[in-house]
$ cat protein21.txt   # compact mmCIF, C-alpha atoms
# COMPACT_ATOMS: atom_id res chain seq x y z
CA MET B 1 -52.42 106.51 97.15
CA GLN B 2 -53.09 110.13 98.07
CA ASN B 3 -55.82 110.24 95.41
CA LEU B 4 -57.56 107.22 96.96
CA LEU B 5 -57.64 108.91 100.37
CA LEU B 6 -58.86 112.20 98.90
CA GLU B 7 -61.61 110.40 97.00
CA LEU B 8 -62.73 108.56 100.13
CA ARG B 9 -62.86 111.79 102.15
CA ARG B 10 -64.59 113.71 99.39
CA GLY B 11 -67.39 111.14 99.35
CA THR B 12 -68.15 111.83 103.00
CA LEU B 13 -68.16 115.65 102.81
CA THR B 14 -71.81 116.01 101.84
CA LEU B 15 -72.90 113.78 104.72
CA SER B 16 -70.67 115.72 107.13
CA VAL B 17 -72.10 119.06 106.00
CA LEU B 18 -75.73 117.92 106.06
CA SER B 19 -75.29 116.43 109.54
CA GLN B 20 -74.22 119.80 110.95
CA LEU B 21 -77.02 121.85 109.42
CA GLN B 22 -79.94 120.76 111.56
CA GLU B 23 -79.52 124.20 113.13
CA PRO B 24 -78.82 127.30 110.97
CA GLN B 25 -75.14 127.95 110.36
CA TYR B 26 -73.29 130.47 108.22
CA GLY B 27 -70.37 129.26 106.13
CA TYR B 28 -67.48 130.15 108.36
CA SER B 29 -69.16 128.87 111.55
CA LEU B 30 -69.88 125.60 109.79
CA LEU B 31 -66.27 125.37 108.65
CA GLN B 32 -65.06 125.83 112.21
CA LYS B 33 -67.61 123.41 113.63
CA LEU B 34 -66.46 120.73 111.22
CA ALA B 35 -62.80 121.52 111.92
CA GLU B 36 -63.37 121.15 115.68
CA LYS B 37 -64.68 117.64 115.00
CA GLY B 38 -61.67 116.77 112.85
CA ILE B 39 -63.38 117.15 109.46
CA GLY B 40 -61.13 119.36 107.36
CA ILE B 41 -62.80 120.96 104.39
CA GLU B 42 -61.26 123.62 102.20
CA GLN B 43 -63.07 126.93 102.31
CA ASN B 44 -63.21 127.18 98.54
CA THR B 45 -64.97 123.80 98.48
CA LEU B 46 -67.54 124.50 101.19
CA TYR B 47 -69.41 127.46 99.68
CA PRO B 48 -69.95 125.96 96.25
CA LEU B 49 -71.07 122.73 97.97
CA LEU B 50 -73.60 124.65 100.10
CA ARG B 51 -74.96 126.33 96.98
CA ARG B 52 -75.27 123.04 95.12
CA LEU B 53 -77.13 121.45 98.05
CA GLU B 54 -79.44 124.46 98.13
CA GLN B 55 -80.08 124.18 94.39
CA GLN B 56 -80.97 120.52 94.94
CA GLY B 57 -83.56 121.62 97.51
CA LEU B 58 -81.75 120.01 100.46
CA LEU B 59 -80.95 123.33 102.16
CA THR B 60 -82.62 126.69 102.50
CA SER B 61 -80.77 129.90 103.20
CA ASP B 62 -81.45 133.40 104.47
CA TRP B 63 -79.38 136.52 104.84
CA SER B 64 -79.12 137.83 108.41
CA ILE B 65 -78.22 141.49 108.90
CA GLU B 66 -78.53 141.51 112.68
CA GLU B 67 -74.83 140.93 113.32
CA SER B 68 -71.69 142.96 112.62
CA ARG B 69 -71.85 142.02 108.94
CA PRO B 70 -74.43 140.37 106.71
CA ARG B 71 -74.21 136.57 106.85
CA ARG B 72 -75.99 133.91 104.94
CA TYR B 73 -77.39 131.15 107.16
CA TYR B 74 -78.01 127.68 105.78
CA VAL B 75 -80.28 125.04 107.33
CA LEU B 76 -81.73 121.69 106.24
CA SER B 77 -85.02 121.84 104.35
CA GLU B 78 -87.67 119.18 104.90
CA LEU B 79 -86.35 117.35 101.84
CA GLY B 80 -82.84 117.72 103.29
CA ARG B 81 -83.94 116.12 106.59
CA GLN B 82 -85.43 113.16 104.75
CA ALA B 83 -82.29 112.87 102.62
CA LEU B 84 -80.08 113.04 105.70
CA ARG B 85 -82.02 110.23 107.39
CA ALA B 86 -81.71 108.08 104.27
CA VAL B 87 -77.99 108.82 103.89
CA VAL B 88 -77.30 108.14 107.58
CA ASP B 89 -79.14 104.78 107.36
CA GLU B 90 -77.13 103.88 104.30
CA TRP B 91 -73.89 105.03 105.93
CA ARG B 92 -74.50 102.86 109.00
CA HIS B 93 -75.42 99.89 106.85
CA MET B 94 -72.32 100.36 104.71
CA THR B 95 -69.96 100.81 107.64
CA ARG B 96 -71.25 97.54 109.19
CA LEU B 97 -70.67 95.71 105.90
CA ILE B 98 -67.27 97.27 105.34
CA ASP B 99 -66.25 96.58 108.94
CA ASP B 100 -67.16 92.91 108.43
CA LEU B 101 -65.10 92.84 105.25
CA LEU B 102 -62.15 94.50 106.93
CA ASN B 103 -62.34 92.30 110.01
CA ASP B 104 -61.98 89.22 107.77
CA MET B 105 -59.03 90.75 106.06
CA GLU B 106 -55.50 89.75 106.96
CA VAL B 107 -53.19 92.72 106.77
CA MET Q 1 -59.49 146.13 102.66
CA GLU Q 2 -58.92 147.25 99.10
CA LEU Q 3 -57.25 143.89 98.46
CA ILE Q 4 -60.44 142.10 99.49
CA ASP Q 5 -62.48 144.30 97.13
CA ARG Q 6 -60.08 143.49 94.32
CA TYR Q 7 -60.19 139.76 95.10
CA VAL Q 8 -64.00 139.59 95.30
CA SER Q 9 -64.30 141.60 92.10
CA ALA Q 10 -61.79 139.29 90.38
CA VAL Q 11 -63.91 136.25 91.33
CA GLY Q 12 -67.04 138.05 90.17
CA ARG Q 13 -65.59 138.58 86.71
CA TYR Q 14 -65.82 134.81 86.10
CA LEU Q 15 -69.34 134.40 87.50
CA PRO Q 16 -72.68 134.57 85.65
CA GLU Q 17 -74.38 137.92 86.16
CA LYS Q 18 -77.47 136.30 87.69
CA THR Q 19 -75.65 135.01 90.77
CA ARG Q 20 -72.66 137.37 90.85
CA ALA Q 21 -73.83 139.93 93.45
CA ASP Q 22 -75.06 137.25 95.85
CA ILE Q 23 -71.88 135.16 95.67
CA GLU Q 24 -69.68 138.25 95.98
CA MET Q 25 -71.51 139.33 99.14
CA GLU Q 26 -71.21 135.88 100.69
CA LEU Q 27 -67.56 135.59 99.74
CA ARG Q 28 -66.78 138.96 101.30
CA SER Q 29 -68.59 137.98 104.50
CA PHE Q 30 -66.62 134.71 104.61
CA ILE Q 31 -63.26 136.44 104.09
CA MET Q 32 -64.03 138.95 106.86
CA ASP Q 33 -64.95 136.10 109.24
CA ALA Q 34 -61.71 134.27 108.39
CA LEU Q 35 -59.77 137.49 108.95
CA ASP Q 36 -61.47 138.14 112.31
CA THR Q 37 -60.63 134.64 113.52
CA ARG Q 38 -57.03 135.05 112.45
CA MET Q 39 -56.58 138.49 114.06
CA GLN Q 40 -58.34 137.84 117.42
CA GLY Q 41 -59.25 141.53 117.80
CA ARG Q 42 -56.04 143.01 116.33
CA ASP Q 43 -56.04 145.14 113.18
CA PRO Q 44 -55.06 143.10 110.11
CA SER Q 45 -51.95 144.08 108.17
CA GLU Q 46 -51.71 143.74 104.40
CA ASP Q 47 -49.75 140.50 104.88
CA ASP Q 48 -52.58 139.04 106.99
CA ILE Q 49 -55.10 139.83 104.26
CA VAL Q 50 -52.81 138.35 101.61
CA ALA Q 51 -52.44 135.17 103.71
CA VAL Q 52 -56.23 134.75 104.04
CA LEU Q 53 -56.76 135.34 100.32
CA HIS Q 54 -54.03 132.82 99.51
CA GLU Q 55 -55.87 130.27 101.63
CA MET Q 56 -59.02 130.98 99.61
CA GLY Q 57 -57.28 130.13 96.33
CA ARG Q 58 -57.01 131.77 92.92
CA PRO Q 59 -60.09 133.81 91.90
CA GLU Q 60 -60.65 131.76 88.72
CA GLU Q 61 -60.49 128.49 90.69
CA ILE Q 62 -63.07 129.72 93.18
CA ALA Q 63 -65.36 130.90 90.39
CA ALA Q 64 -64.98 127.59 88.54
CA ARG Q 65 -66.23 125.71 91.60
CA TYR Q 66 -69.41 127.77 91.58
CA ALA Q 67 -70.14 126.88 87.96
CA PRO Q 68 -73.11 124.46 87.92
CA VAL Q 69 -71.75 122.50 84.97
CA ARG Q 70 -68.30 122.60 83.43
CA ARG Q 71 -68.54 124.76 80.33
CA TYR Q 72 -66.65 123.52 77.30
CA LEU Q 73 -66.15 124.85 73.84
CA ILE Q 74 -65.12 121.32 72.82
CA GLY Q 75 -65.94 118.59 75.31
CA PRO Q 76 -63.93 115.52 76.33
CA GLU Q 77 -65.80 113.31 73.84
CA LEU Q 78 -64.76 115.28 70.77
CA PHE Q 79 -61.44 116.55 72.06
CA PRO Q 80 -59.23 113.64 70.85
CA SER Q 81 -60.71 113.92 67.32
CA TYR Q 82 -60.28 117.70 67.47
CA ILE Q 83 -56.58 117.34 68.27
CA ALA Q 84 -56.11 114.72 65.53
CA VAL Q 85 -57.91 116.79 62.88
CA THR Q 86 -56.13 119.98 63.90
CA GLY Q 87 -52.77 118.21 63.57
CA ILE Q 88 -53.66 116.94 60.09
CA VAL Q 89 -54.93 120.35 58.97
CA VAL Q 90 -51.83 122.14 60.28
CA VAL Q 91 -49.52 119.72 58.40
CA VAL Q 92 -51.53 120.06 55.16
CA VAL Q 93 -51.68 123.86 55.30
CA ALA Q 94 -47.99 124.17 56.21
CA THR Q 95 -47.04 121.84 53.34
CA ALA Q 96 -49.22 123.76 50.89
CA VAL Q 97 -47.76 127.10 51.99
CA LEU Q 98 -44.20 125.82 51.66
CA ILE Q 99 -44.80 124.31 48.20
CA GLY Q 100 -46.47 127.53 47.05
CA ARG Q 101 -43.55 129.60 48.26
CA VAL Q 102 -40.96 127.28 46.71
CA VAL Q 103 -42.73 127.61 43.35
CA GLN Q 104 -42.76 131.39 43.75
CA GLN Q 105 -39.07 131.37 44.70
CA THR Q 106 -38.24 129.35 41.59
CA MET Q 107 -39.84 132.09 39.51
CA ASP Q 108 -38.10 134.91 41.36
CA PRO Q 109 -34.84 133.61 42.87
CA ASN Q 110 -33.56 137.05 43.83
CA SER Q 111 -35.66 137.65 46.94
CA VAL Q 112 -34.50 135.09 49.51
CA GLY Q 113 -35.18 137.47 52.41
CA GLY Q 114 -38.65 138.17 51.05
CA MET Q 115 -39.28 134.45 50.77
CA ILE Q 116 -38.42 133.73 54.41
CA SER Q 117 -40.60 136.55 55.76
CA GLY Q 118 -43.33 135.60 53.27
CA VAL Q 119 -43.28 131.97 54.43
CA LEU Q 120 -43.56 133.06 58.07
CA VAL Q 121 -46.47 135.41 57.35
CA ASP Q 122 -48.25 132.81 55.18
CA LEU Q 123 -47.71 130.08 57.81
CA LEU Q 124 -49.02 132.29 60.58
CA SER Q 125 -52.12 133.45 58.73
CA GLY Q 126 -52.79 130.09 57.02
CA ILE Q 127 -52.44 127.99 60.16
CA SER Q 128 -54.36 130.37 62.42
CA SER Q 129 -57.27 130.62 60.01
CA ALA Q 130 -57.27 126.83 59.42
CA VAL Q 131 -57.16 126.05 63.16
CA GLY Q 132 -59.87 128.66 63.73
CA SER Q 133 -62.09 127.03 61.12
CA VAL Q 134 -61.54 123.55 62.58
CA THR Q 135 -62.32 124.88 66.07
CA LEU Q 136 -65.51 126.48 64.77
CA VAL Q 137 -66.63 123.22 63.11
CA PHE Q 138 -65.97 121.23 66.30
CA ALA Q 139 -67.67 123.84 68.51
CA VAL Q 140 -70.77 123.53 66.29
CA LEU Q 141 -70.55 119.70 66.46
CA GLU Q 142 -70.27 119.92 70.26
CA ARG Q 143 -73.54 121.86 70.40
CA PHE Q 144 -75.53 119.78 67.93
CA LEU Q 145 -74.22 116.20 68.13
CA PRO Q 146 -76.12 114.06 70.60
CA GLY Q 147 -73.48 112.82 73.02
CA ALA Q 148 -72.73 111.54 76.50
CA THR Q 149 -71.78 115.01 77.71
CA LYS Q 150 -75.28 116.29 77.13
CA ALA Q 151 -76.85 113.16 78.60
CA THR Q 152 -74.90 113.76 81.80
CA ALA Q 153 -75.82 117.41 81.84
CA ASN Q 154 -79.51 116.48 81.52
CA GLY Q 155 -79.43 114.50 84.71
CA GLY Q 156 -78.03 111.30 83.22
CA ARG Q 157 -81.38 110.08 81.83
CA TRP Q 158 -80.91 107.49 79.12
CA ASP Q 159 -82.82 104.69 77.55
CA PRO Q 160 -81.11 101.29 77.08
CA ARG Q 161 -83.48 100.61 74.18
CA LYS Q 162 -81.91 103.49 72.27
CA LEU Q 163 -78.38 102.10 72.52
CA PRO Q 164 -76.94 100.98 69.17
CA LYS Q 165 -76.80 97.27 68.39
CA PRO Q 166 -73.46 95.55 69.01
CA THR Q 167 -71.03 96.74 66.39
CA LEU Q 168 -70.68 94.37 63.44
CA HIS Q 169 -67.26 94.08 61.93
CA GLU Q 170 -68.31 95.97 58.79
CA SER Q 171 -69.76 98.78 60.94
CA LYS Q 172 -66.47 99.59 62.62
CA VAL Q 173 -64.77 102.70 61.29
CA ASN Q 174 -61.19 102.20 60.21
CA VAL Q 175 -59.64 105.19 61.98
CA GLY Q 176 -56.43 105.19 59.91
CA GLU Q 177 -58.37 105.07 56.64
CA ARG Q 178 -60.72 107.87 57.81
CA ALA Q 179 -57.83 110.05 58.96
CA MET Q 180 -56.13 109.56 55.58
CA GLU Q 181 -59.34 110.48 53.73
CA LEU Q 182 -59.70 113.51 55.96
CA PHE Q 183 -56.16 114.51 55.01
CA PHE Q 184 -57.00 114.26 51.29
CA VAL Q 185 -60.25 116.18 51.71
CA VAL Q 186 -58.44 119.04 53.44
CA ALA Q 187 -55.66 118.92 50.84
CA ALA Q 188 -58.27 119.00 48.04
CA LEU Q 189 -59.96 122.02 49.65
CA VAL Q 190 -56.63 123.84 49.88
CA VAL Q 191 -55.62 123.02 46.28
CA LEU Q 192 -59.09 123.79 44.90
CA ASN Q 193 -59.29 127.21 46.52
CA LEU Q 194 -55.67 128.32 46.54
CA PHE Q 195 -53.65 126.57 43.86
CA LEU Q 196 -55.85 125.30 41.01
CA ASP Q 197 -55.53 128.61 39.17
CA ARG Q 198 -51.74 128.35 39.46
CA ILE Q 199 -51.42 125.00 37.64
CA GLY Q 200 -49.78 125.64 34.31
CA ILE Q 201 -46.48 126.05 32.59
CA TYR Q 202 -43.83 128.39 33.94
CA TYR Q 203 -40.98 129.45 31.69
CA ARG Q 204 -38.38 132.20 31.62
CA GLY Q 205 -39.08 134.69 28.83
CA GLU Q 206 -37.20 137.78 27.80
CA SER Q 207 -38.71 139.85 30.60
CA GLY Q 208 -38.55 137.24 33.34
CA TRP Q 209 -40.75 134.31 34.30
CA VAL Q 210 -43.97 133.81 32.38
CA PHE Q 211 -46.92 131.76 33.59
CA VAL Q 212 -49.31 130.16 31.14
CA PRO Q 213 -52.36 128.75 32.93
CA MET Q 214 -53.14 125.34 31.51
CA LEU Q 215 -56.54 124.69 32.96
CA ASN Q 216 -59.63 126.40 31.65
CA THR Q 217 -60.48 129.02 34.28
CA ASP Q 218 -64.17 129.09 33.24
CA VAL Q 219 -64.47 125.35 33.94
CA ILE Q 220 -62.71 125.75 37.31
CA ALA Q 221 -64.96 128.66 38.26
CA PHE Q 222 -68.06 126.63 37.34
CA TYR Q 223 -67.17 123.50 39.33
CA ARG Q 224 -65.44 125.09 42.33
CA PRO Q 225 -68.60 125.93 44.41
CA PHE Q 226 -70.04 122.43 43.88
CA TRP Q 227 -66.79 120.77 44.93
CA ASN Q 228 -66.51 123.07 47.95
CA VAL Q 229 -69.94 121.94 49.15
CA VAL Q 230 -69.13 118.24 48.59
CA LEU Q 231 -65.72 118.54 50.31
CA VAL Q 232 -67.02 120.45 53.33
CA VAL Q 233 -69.86 117.93 53.83
CA SER Q 234 -67.27 115.17 53.47
CA LEU Q 235 -65.02 116.90 56.04
CA VAL Q 236 -67.86 117.02 58.58
CA LEU Q 237 -68.80 113.39 57.82
CA HIS Q 238 -65.24 112.10 58.34
CA THR Q 239 -65.01 114.08 61.57
CA VAL Q 240 -68.27 112.58 62.85
CA LEU Q 241 -67.08 109.09 61.89
CA LEU Q 242 -63.76 109.61 63.67
CA ASN Q 243 -65.71 110.71 66.72
CA ARG Q 244 -68.35 107.93 66.72
CA ARG Q 245 -65.99 105.16 65.55
CA MET Q 246 -68.85 103.26 63.91
CA TRP Q 247 -70.99 103.43 60.81
CA THR Q 248 -74.71 103.98 61.24
CA PRO Q 249 -77.31 103.83 58.44
CA ALA Q 250 -77.41 107.67 58.53
CA THR Q 251 -73.65 108.11 58.09
CA ARG Q 252 -73.64 105.34 55.46
CA ILE Q 253 -76.36 107.16 53.50
CA ALA Q 254 -74.47 110.47 53.89
CA GLN Q 255 -71.34 108.77 52.51
CA ILE Q 256 -73.34 107.39 49.56
CA VAL Q 257 -74.79 110.84 48.82
CA VAL Q 258 -71.34 112.48 49.00
CA GLY Q 259 -69.83 109.73 46.82
CA GLY Q 260 -72.74 109.94 44.34
CA ALA Q 261 -72.36 113.72 44.09
CA SER Q 262 -68.62 113.29 43.49
CA VAL Q 263 -69.26 110.77 40.68
CA ALA Q 264 -71.84 113.11 39.10
CA LEU Q 265 -69.43 116.06 39.22
CA LEU Q 266 -66.56 113.98 37.83
CA LEU Q 267 -68.74 112.69 34.97
CA GLY Q 268 -69.80 116.28 34.25
CA MET Q 269 -66.15 117.33 34.19
CA LEU Q 270 -65.36 114.61 31.61
CA SER Q 271 -67.03 116.63 28.88
CA ALA Q 272 -65.23 119.86 29.79
CA THR Q 273 -62.36 121.13 27.68
CA TRP Q 274 -59.53 121.71 30.10
CA ILE Q 275 -57.04 123.15 27.66
CA PRO Q 276 -58.86 125.15 24.97
CA PRO Q 277 -57.50 125.23 21.40
CA GLY Q 278 -54.73 127.81 21.30
CA GLY Q 279 -54.34 127.63 25.09
CA LEU Q 280 -50.67 126.79 24.73
CA ALA Q 281 -50.09 129.14 21.80
CA THR Q 282 -48.01 131.62 23.76
CA LEU Q 283 -45.42 128.90 24.34
CA GLY Q 284 -44.11 128.94 20.79
CA THR Q 285 -44.00 130.64 17.45
CA GLU Q 286 -46.87 130.61 14.96
CA LYS Q 287 -45.27 127.74 13.10
CA ILE Q 288 -45.68 125.31 15.94
CA VAL Q 289 -49.11 126.45 17.19
CA ALA Q 290 -50.71 123.46 15.49
CA ASP Q 291 -48.24 121.12 17.21
CA LEU Q 292 -48.93 122.80 20.55
CA ASP Q 293 -52.68 122.28 20.00
CA LYS Q 294 -51.96 118.58 19.51
CA VAL Q 295 -50.02 118.56 22.76
CA GLY Q 296 -53.00 120.30 24.35
CA ASP Q 297 -55.33 117.61 22.99
CA TRP Q 298 -53.14 114.87 24.48
CA ILE Q 299 -53.10 116.65 27.83
CA ASN Q 300 -56.91 116.94 27.61
CA ILE Q 301 -57.14 113.21 27.01
CA GLY Q 302 -54.79 112.56 29.95
CA ILE Q 303 -56.85 114.77 32.28
CA ARG Q 304 -60.06 113.06 31.16
CA LEU Q 305 -58.57 109.63 31.76
CA GLY Q 306 -57.54 110.77 35.27
CA ILE Q 307 -61.06 112.10 35.93
CA LEU Q 308 -62.58 108.87 34.60
CA ALA Q 309 -60.34 106.80 36.88
CA ALA Q 310 -61.35 108.96 39.88
CA ALA Q 311 -65.04 108.56 38.93
CA VAL Q 312 -64.65 104.76 38.75
CA VAL Q 313 -62.92 104.65 42.17
CA CYS Q 314 -65.67 106.84 43.68
CA ALA Q 315 -68.41 104.71 42.08
CA LEU Q 316 -66.86 101.50 43.47
CA ASP Q 317 -66.72 103.10 46.92
CA VAL Q 318 -70.40 104.12 46.63
CA TRP Q 319 -71.30 100.56 45.58
CA LYS Q 320 -69.37 99.15 48.59
CA HIS Q 321 -71.34 101.38 50.97
CA VAL Q 322 -74.68 100.55 49.29
CA LYS Q 323 -73.97 96.81 49.74
CA GLN Q 324 -73.03 97.26 53.39
CA LEU Q 325 -76.08 99.45 54.03
CA VAL Q 326 -78.36 96.77 52.56
CA ARG Q 327 -76.62 94.04 54.62
CA VAL Q 328 -76.88 95.92 57.91
CA THR Q 329 -80.49 97.06 57.51
CA ARG Q 330 -81.81 93.73 56.15

$ encode --input "protein21.txt" --output "structure tokens"
Amino acid sequence: MQNLLLELRRGTLTLSVLSQLQEPQYGYSLLQKLAEKGIGIEQNTLYPLLRRLEQQGLLTSDWSIEESRPRRYYVLSELGRQALRAVVDEWRHMTRLIDDLLNDMEV
Amino acid sequence: MELIDRYVSAVGRYLPEKTRADIEMELRSFIMDALDTRMQGRDPSEDDIVAVLHEMGRPEEIAARYAPVRRYLIGPELFPSYIAVTGIVVVVVATAVLIGRVVQQTMDPNSVGGMISGVLVDLLSGISSAVGSVTLVFAVLERFLPGATKATANGGRWDPRKLPKPTLHESKVNVGERAMELFFVVAALVVLNLFLDRIGIYYRGESGWVFVPMLNTDVIAFYRPFWNVVLVVSLVLHTVLLNRRMWTPATRIAQIVVGGASVALLLGMLSATWIPPGGLATLGTEKIVADLDKVGDWINIGIRLGILAAAVVCALDVWKHVKQLVRVTR
């Protein structure tokens, strides 16, 4: 059962991350922002995910050296914004359908 | 902070050089942020640093998550066949080594200690080189066989029109039969290259055991390279068939070529003289040399009959594959 729950959560991670990158964030600030909203993501999962999304052209990144230490800031690219809109539409559509299914279900 | 340097460097060891410096810098920045949050302005102790690094995970796990595609020497498609073939090869080599050593022990029964250490050394070197060779063959197959792994790596593009037609009954590979043939091919390779020169008559003379090779070494030396080529091609073919689980026109043609080559070699070997006149002469006195030559002639006839039988079996197998090839492609 634990695997089912993990799989379900894993499927939503990309959407969660994309949704929080409309403004530039560095990795650790993003991790905390997600944690504050109840989305737990392991740190060793987040950075590789950010890199993959960047390789897919959904994010852009820049190093900032203005703070106490160099930090890499990630933000949605134009392609990423379009992808986010599409994924959000699909998510809302799916949740409506799934809610209907679950409401008919007798537990 | 030395621990952080060591950790970041340990992750970097598993990363491609192109991205290593960038990922290391980002990882270090992340660890420092995590440490700052944990310490709330206090100086971190070694235990604090260790706790943060533990939360990050093992260096090799972190590095593996950065890898764009899982890198395999032998991928999941070929892995079951690799394990099966390795198991067969290990059993064949171990059996061959043990038989060889038992024969040697029979000739020299005084060195039991030497036999045990010899067996261990032979097993170790024989099995490791055999497993190494099998691994090499499969690693090459992994790179050059078109398979699902590569299709996925290329973005999952595929064409339904290129899928094979539904498997006909005669196109299905009988896995048990293939595995058995694979076993015999490996056994033949081992015997051909390690033991063929040792087939002969062993007897105890005045100064200990004497070995009289029965088979004509010139004939063996002539045919050995040809058989090695045929057997290695056959080994690869059986491996591919075990992996694909179905016959295609290409594998059917390859099987016909291998079978045809085997028949040709066997027919060539029919005319060879396996035990030359006088080959058994050292077994007896001058008076019975003529009788020993007769024995040699009978053994020659026996060997030729065996070769002829093998040629007929191979030819029937070739004919079976030709018929099935014609039926499938018609």

$ closest_residue --input "protein21.txt" --among "B:Ser68, B:Gln82, B:Gln43, B:Asn103" --to "chain Q" --atoms "all atoms listed in the file"
B:Gln43

$ atom_distance --input "protein21.txt" --atom1 "CA of Leu267 (chain Q)" --atom2 "CA of Leu292 (chain Q)"
26.5 Å

$ closest_residue --input "protein21.txt" --among "Q:Ile307, Q:Val229, Q:Leu3, Q:Leu15" --to "Ala63 (chain Q)" --atoms "all atoms listed in the file"
Q:Leu15

$ closest_atom_pairs --input "protein21.txt" --of "chain B" --to "chain Q" --cutoff "8 Å" --atoms "all atoms listed in the file" --output "CSV"
residue,atom,partner,partner_atom,distance
B:Gly27,CA,Q:Phe30,CA,6.8
B:Tyr28,CA,Q:Phe30,CA,6.0
B:Gln43,CA,Q:Met56,CA,6.3
B:Asn44,CA,Q:Met56,CA,5.8
B:Thr45,CA,Q:Arg65,CA,7.3
B:Pro48,CA,Q:Tyr66,CA,5.0
B:Arg51,CA,Q:Tyr66,CA,7.9
B:Arg52,CA,Q:Pro68,CA,7.6
B:Arg69,CA,Q:Ser29,CA,6.8
B:Pro70,CA,Q:Ser29,CA,6.7
B:Arg71,CA,Q:Ser29,CA,6.3
B:Arg72,CA,Q:Glu26,CA,6.7

$ write_last_selection --input "protein21.txt" --atoms "C-alpha atoms" --output "PDB file, keeping the file's coordinate frame"
ATOM      1  CA  GLY B  27     -70.370 129.260 106.130  1.00  0.00           C
ATOM      2  CA  TYR B  28     -67.480 130.150 108.360  1.00  0.00           C
ATOM      3  CA  GLN B  43     -63.070 126.930 102.310  1.00  0.00           C
ATOM      4  CA  ASN B  44     -63.210 127.180  98.540  1.00  0.00           C
ATOM      5  CA  THR B  45     -64.970 123.800  98.480  1.00  0.00           C
ATOM      6  CA  PRO B  48     -69.950 125.960  96.250  1.00  0.00           C
ATOM      7  CA  ARG B  51     -74.960 126.330  96.980  1.00  0.00           C
ATOM      8  CA  ARG B  52     -75.270 123.040  95.120  1.00  0.00           C
ATOM      9  CA  ARG B  69     -71.850 142.020 108.940  1.00  0.00           C
ATOM     10  CA  PRO B  70     -74.430 140.370 106.710  1.00  0.00           C
ATOM     11  CA  ARG B  71     -74.210 136.570 106.850  1.00  0.00           C
ATOM     12  CA  ARG B  72     -75.990 133.910 104.940  1.00  0.00           C
TER      13      ARG B  72
END

$ axis_aligned_box --input "protein21.txt" --around "region 246-260 of chain Q" --padding-each-side "8 Å" --output "JSON"
{"center_x": -73.1, "center_y": 107.9, "center_z": 54.1, "size_x": 24.6, "size_y": 25.2, "size_z": 35.6}

$ residues_around --input "protein21.txt" --residues "Val93 (chain Q)" --least-positions-apart "6" --cutoff "9 Å" --atoms "all atoms listed in the file" --output "list in words"
Leu123, Gly126, Ile127, Ala130, Val186, Ala187 and Val190 of chain Q

$ atom_distance --input "protein21.txt" --atom1 "CA of Ile99 (chain Q)" --atom2 "CA of Ala84 (chain Q)"
22.8 Å

$ closest_residue --input "protein21.txt" --among "B:Leu46, B:Leu76, B:Ala35, B:Leu30" --to "Arg10 (chain B)" --atoms "only C-alpha atoms"
B:Leu46

$ closest_residue --input "protein21.txt" --among "Q:Leu53, Q:Met39, Q:Leu196, Q:Leu189" --to "Asp5 (chain Q)" --atoms "all atoms listed in the file"
Q:Leu53

$ closest_residue --input "protein21.txt" --among "B:Leu101, B:Ile65, B:Ile41, B:Leu59" --to "Gly11 (chain B)" --atoms "all atoms listed in the file"
B:Ile41

$ closest_residue --input "protein21.txt" --among "B:Thr95, B:Asn3, B:Ser29, B:Thr14" --to "Leu50 (chain B)" --atoms "all atoms listed in the file"
B:Thr14

$ atom_distance --input "protein21.txt" --atom1 "CA of Gly296 (chain Q)" --atom2 "CA of Trp274 (chain Q)"
8.8 Å

$ residues_around --input "protein21.txt" --residues "Ala254 (chain Q)" --least-positions-apart "4" --cutoff "9 Å" --atoms "all atoms listed in the file" --output "count of residues only"
7

$ residues_around --input "protein21.txt" --residues "Gln25 (chain B)" --least-positions-apart "6" --cutoff "8 Å" --atoms "all atoms listed in the file" --output "VMD selection string"
chain B and resid 73 to 75

$ residues_around --input "protein21.txt" --residues "Leu58 (chain B)" --least-positions-apart "5" --cutoff "7 Å" --atoms "all atoms listed in the file" --output "list in words"
Leu53, Leu76, Ser77, Leu79 and Gly80 of chain B

$ residues_around --input "protein21.txt" --residues "Asn174 (chain Q)" --least-positions-apart "4" --cutoff "9 Å" --atoms "all atoms listed in the file" --output "NGL selection string"
:Q and (178-179 or 242 or 245-246)
